[in-house]
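Step one of this worksheet: look at the structure below.
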Amino acid sequence: MDEVARLLTLLALVGAALTLAGSAIVWFLDETRRIQRTLTLALGAPPQPVLTARGRGVGIGFDLRTSRVVVVWDKGAWRMDYRLDELMGVELVVDRQVAARAFRNEARRPLDHLADPEERVRLRFVFDDPAHPDFLIDLWRAEDEDVRGRLTADDALLEANRWVSRMEALLRRPAAARPTSSTAPATVMASLPAPSPAVDTLSDGWNAYDHEEDETGSPPWDDEPADRPGAIT
């Protein structure tokens, strides 16, 4: 009887250890944490402010001390760095129309139409880079409606509008002097497995939400990441 008790106790301990180990792995590999780690590694400090979209595997982070912006996709496996003065503006796209926008040296176009979105609520960050001029993050899609933990369409709209206001305040800051070199902005990629060629170029608010994986790993700008100069795999 004592042998049986010891065996059961041992099995219980092994089961608890495996459960803890599995939980630790899941925590470490959590999509949002991976994006945060990539942003922190790229910026050299925790990003502030930061916007991520869990399940879509994308995010954008700022370091206002060093005037840098980093965008990441494929759950943080790929990233690109910009100077803050290369950020030209942001657009709030509701369904297929630009509902609000804030651009450098332009008057802000505020959100004045609060009708319920039907397809998506999207933020489009625009950069002064002919090769990769924008970065898209979807805060809400129609298929999110019945997914537990997702933003509702109204909440996504309000969050997106807050980001337009946030970017307007940031863009009012004096732009730093640009380097005299004519070298194109550096593209920096995380040394993780290269993404697959197909991509859904679309992409939460400050926190992210669980759902099925719908990104395929390629950058939001094009369908042929391998042709982009400066990529490091």
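A note on labels: chains of the structure tokens are A, B, ... as shown, every chain counts residues from 1, and ligands are counted from 1 in their shown order.
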
Can you build me a table of stretch 67-153 of chain A residues sitting at most 7 Å from stretch 32-37 of chain A, with the closest atom pair per residue and its distance in Å to one decimal, using only C-alpha atoms, sorted by chain and residue number, as CSV?
residue,atom,partner,partner_atom,distance
A:Val72,CA,A:Ile35,CA,7.0
A:Lys75,CA,A:Ile35,CA,5.7
A:Gly76,CA,A:Ile35,CA,4.4

Could you write those residues out with N, CA and C atoms, as a PDB file, in the first residue's frame?
ATOM      1  N   VAL A  72       6.937  45.831 -36.298  1.00  0.00           N
ATOM      2  CA  VAL A  72       7.255  44.402 -36.323  1.00  0.00           C
ATOM      3  C   VAL A  72       6.062  43.637 -36.871  1.00  0.00           C
ATOM      4  N   LYS A  75       4.733  38.015 -35.589  1.00  0.00           N
ATOM      5  CA  LYS A  75       4.911  37.806 -34.145  1.00  0.00           C
ATOM      6  C   LYS A  75       6.269  38.278 -33.644  1.00  0.00           C
ATOM      7  N   GLY A  76       6.824  39.284 -34.272  1.00  0.00           N
ATOM      8  CA  GLY A  76       8.118  39.802 -33.848  1.00  0.00           C
ATOM      9  C   GLY A  76       9.291  39.174 -34.546  1.00  0.00           C
TER      10      GLY A  76
END

Subject >> Members of stretch 54-173 of chain A assigned alpha helix (DSSP H) by DSSP, as a list in words >> reply: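 Taking stretch 54-173 of chain A and keeping alpha helix (DSSP H) gives Ala153, Asp154, Asp155, Ala156, Leu157, Leu158, Glu159, Ala160, Asn161, Arg162, Trp163, Val164, Ser165, Arg166, Met167, Glu168, Ala169, Leu170 and Leu171 of chain A.
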
I need the residues from that last selection saved to file as a compact mmCIF listing (two decimals), in the first residue's frame (with N, CA and C atoms), if you can.
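Here's the written file result37.txt:
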# COMPACT_ATOMS: atom_id res chain seq x y z
N ALA A 153 -16.50 46.68 -32.06
CA ALA A 153 -16.29 47.67 -33.11
C ALA A 153 -16.24 49.09 -32.53
N ASP A 154 -17.12 49.39 -31.58
CA ASP A 154 -17.12 50.73 -30.97
C ASP A 154 -15.84 50.99 -30.20
N ASP A 155 -15.40 50.01 -29.41
CA ASP A 155 -14.17 50.18 -28.64
C ASP A 155 -12.96 50.35 -29.55
N ALA A 156 -12.93 49.59 -30.64
CA ALA A 156 -11.82 49.71 -31.59
C ALA A 156 -11.80 51.09 -32.23
N LEU A 157 -12.98 51.62 -32.53
CA LEU A 157 -13.07 52.94 -33.12
C LEU A 157 -12.56 54.01 -32.17
N LEU A 158 -12.94 53.90 -30.90
CA LEU A 158 -12.47 54.87 -29.91
C LEU A 158 -10.96 54.75 -29.68
N GLU A 159 -10.46 53.52 -29.64
CA GLU A 159 -9.02 53.32 -29.46
C GLU A 159 -8.24 53.88 -30.64
N ALA A 160 -8.73 53.63 -31.83
CA ALA A 160 -8.07 54.16 -33.01
C ALA A 160 -8.07 55.69 -33.01
N ASN A 161 -9.18 56.28 -32.59
CA ASN A 161 -9.25 57.74 -32.54
C ASN A 161 -8.27 58.31 -31.51
N ARG A 162 -8.09 57.59 -30.39
CA ARG A 162 -7.10 58.03 -29.40
C ARG A 162 -5.69 58.00 -30.00
N TRP A 163 -5.43 57.00 -30.83
CA TRP A 163 -4.10 56.93 -31.44
C TRP A 163 -3.90 58.03 -32.47
N VAL A 164 -4.95 58.42 -33.17
CA VAL A 164 -4.82 59.54 -34.08
C VAL A 164 -4.47 60.81 -33.30
N SER A 165 -5.13 61.02 -32.16
CA SER A 165 -4.82 62.18 -31.32
C SER A 165 -3.40 62.09 -30.78
N ARG A 166 -3.00 60.91 -30.38
CA ARG A 166 -1.65 60.71 -29.84
C ARG A 166 -0.60 61.02 -30.91
N MET A 167 -0.84 60.54 -32.12
CA MET A 167 0.11 60.81 -33.20
C MET A 167 0.13 62.28 -33.59
N GLU A 168 -1.02 62.94 -33.51
CA GLU A 168 -1.05 64.38 -33.81
C GLU A 168 -0.16 65.14 -32.84
N ALA A 169 -0.25 64.81 -31.54
CA ALA A 169 0.59 65.47 -30.55
C ALA A 169 2.06 65.18 -30.81
N LEU A 170 2.36 63.96 -31.21
CA LEU A 170 3.74 63.58 -31.47
C LEU A 170 4.28 64.29 -32.70
N LEU A 171 3.46 64.41 -33.73
CA LEU A 171 3.91 65.04 -34.99
C LEU A 171 4.10 66.54 -34.85

**OP:** Show which residues sit within 9 Å of stretch 91-99 of chain A, as a ChimeraX atom specification. Count only C-alpha atoms, and ignore same-chain residues fewer than 3 positions away.
**Re:** /A:102-103,109-113,117-126,157,160-161,163-164

**OP:** Name the residues in contact with A:Phe62 at a cut-off of 9 Å, using only C-alpha atoms, excluding same-chain residues fewer than 5 positions from it; report them as a list in words.
**Re:** Leu39, Leu43, Pro46, Pro47, Gln48, Pro49, Val50, Ser67, Arg68, Val69, Val70, Val71 and Leu84 of chain A

So that I have them on file, write out the residues from the current selection with N, CA, C and O atoms, as an mmCIF file, in the first residue's frame.
data_model
loop_
_atom_site.group_PDB
_atom_site.id
_atom_site.type_symbol
_atom_site.label_atom_id
_atom_site.label_comp_id
_atom_site.auth_asym_id
_atom_site.auth_seq_id
_atom_site.Cartn_x
_atom_site.Cartn_y
_atom_site.Cartn_z
ATOM 1 N N LEU A 39 10.545 44.622 -29.954
ATOM 2 C CA LEU A 39 10.571 46.080 -29.911
ATOM 3 C C LEU A 39 11.606 46.588 -28.913
ATOM 4 O O LEU A 39 12.350 47.535 -29.194
ATOM 5 N N LEU A 43 14.798 48.884 -29.915
ATOM 6 C CA LEU A 43 14.883 50.253 -29.407
ATOM 7 C C LEU A 43 15.905 50.415 -28.293
ATOM 8 O O LEU A 43 16.304 51.530 -27.964
ATOM 9 N N PRO A 46 12.232 49.549 -23.263
ATOM 10 C CA PRO A 46 10.819 49.221 -23.480
ATOM 11 C C PRO A 46 10.135 50.315 -24.294
ATOM 12 O O PRO A 46 10.310 51.502 -24.030
ATOM 13 N N PRO A 47 9.372 49.936 -25.334
ATOM 14 C CA PRO A 47 8.723 50.947 -26.176
ATOM 15 C C PRO A 47 7.637 51.700 -25.430
ATOM 16 O O PRO A 47 6.923 51.143 -24.609
ATOM 17 N N GLN A 48 7.533 52.978 -25.721
ATOM 18 C CA GLN A 48 6.496 53.813 -25.123
ATOM 19 C C GLN A 48 6.263 55.017 -26.026
ATOM 20 O O GLN A 48 7.173 55.838 -26.206
ATOM 21 N N PRO A 49 5.080 55.123 -26.634
ATOM 22 C CA PRO A 49 3.934 54.215 -26.551
ATOM 23 C C PRO A 49 4.116 53.003 -27.455
ATOM 24 O O PRO A 49 5.027 52.967 -28.282
ATOM 25 N N VAL A 50 3.212 52.045 -27.296
ATOM 26 C CA VAL A 50 3.279 50.826 -28.091
ATOM 27 C C VAL A 50 1.868 50.375 -28.418
ATOM 28 O O VAL A 50 0.947 50.526 -27.614
ATOM 29 N N SER A 67 14.028 59.266 -30.557
ATOM 30 C CA SER A 67 13.289 59.617 -31.772
ATOM 31 C C SER A 67 13.337 58.487 -32.800
ATOM 32 O O SER A 67 13.717 58.682 -33.958
ATOM 33 N N ARG A 68 12.916 57.307 -32.355
ATOM 34 C CA ARG A 68 12.917 56.148 -33.245
ATOM 35 C C ARG A 68 11.566 55.453 -33.202
ATOM 36 O O ARG A 68 10.847 55.512 -32.200
ATOM 37 N N VAL A 69 11.235 54.801 -34.310
ATOM 38 C CA VAL A 69 10.009 54.027 -34.451
ATOM 39 C C VAL A 69 10.384 52.657 -35.015
ATOM 40 O O VAL A 69 11.205 52.580 -35.932
ATOM 41 N N VAL A 70 9.792 51.616 -34.452
ATOM 42 C CA VAL A 70 10.038 50.260 -34.959
ATOM 43 C C VAL A 70 8.696 49.591 -35.205
ATOM 44 O O VAL A 70 7.801 49.654 -34.359
ATOM 45 N N VAL A 71 8.558 48.976 -36.354
ATOM 46 C CA VAL A 71 7.365 48.186 -36.663
ATOM 47 C C VAL A 71 7.792 46.726 -36.761
ATOM 48 O O VAL A 71 8.894 46.422 -37.229
ATOM 49 N N LEU A 84 11.998 58.938 -36.235
ATOM 50 C CA LEU A 84 10.701 59.521 -35.937
ATOM 51 C C LEU A 84 10.312 60.574 -36.968
ATOM 52 O O LEU A 84 9.131 60.736 -37.296
#

**OP:** Could you please determine the separation between atom CA of A:Gly59 and atom CA of A:Pro174 in Å, to one decimal place?
**Re:**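 Interatomic distance here is 24.8 Å.
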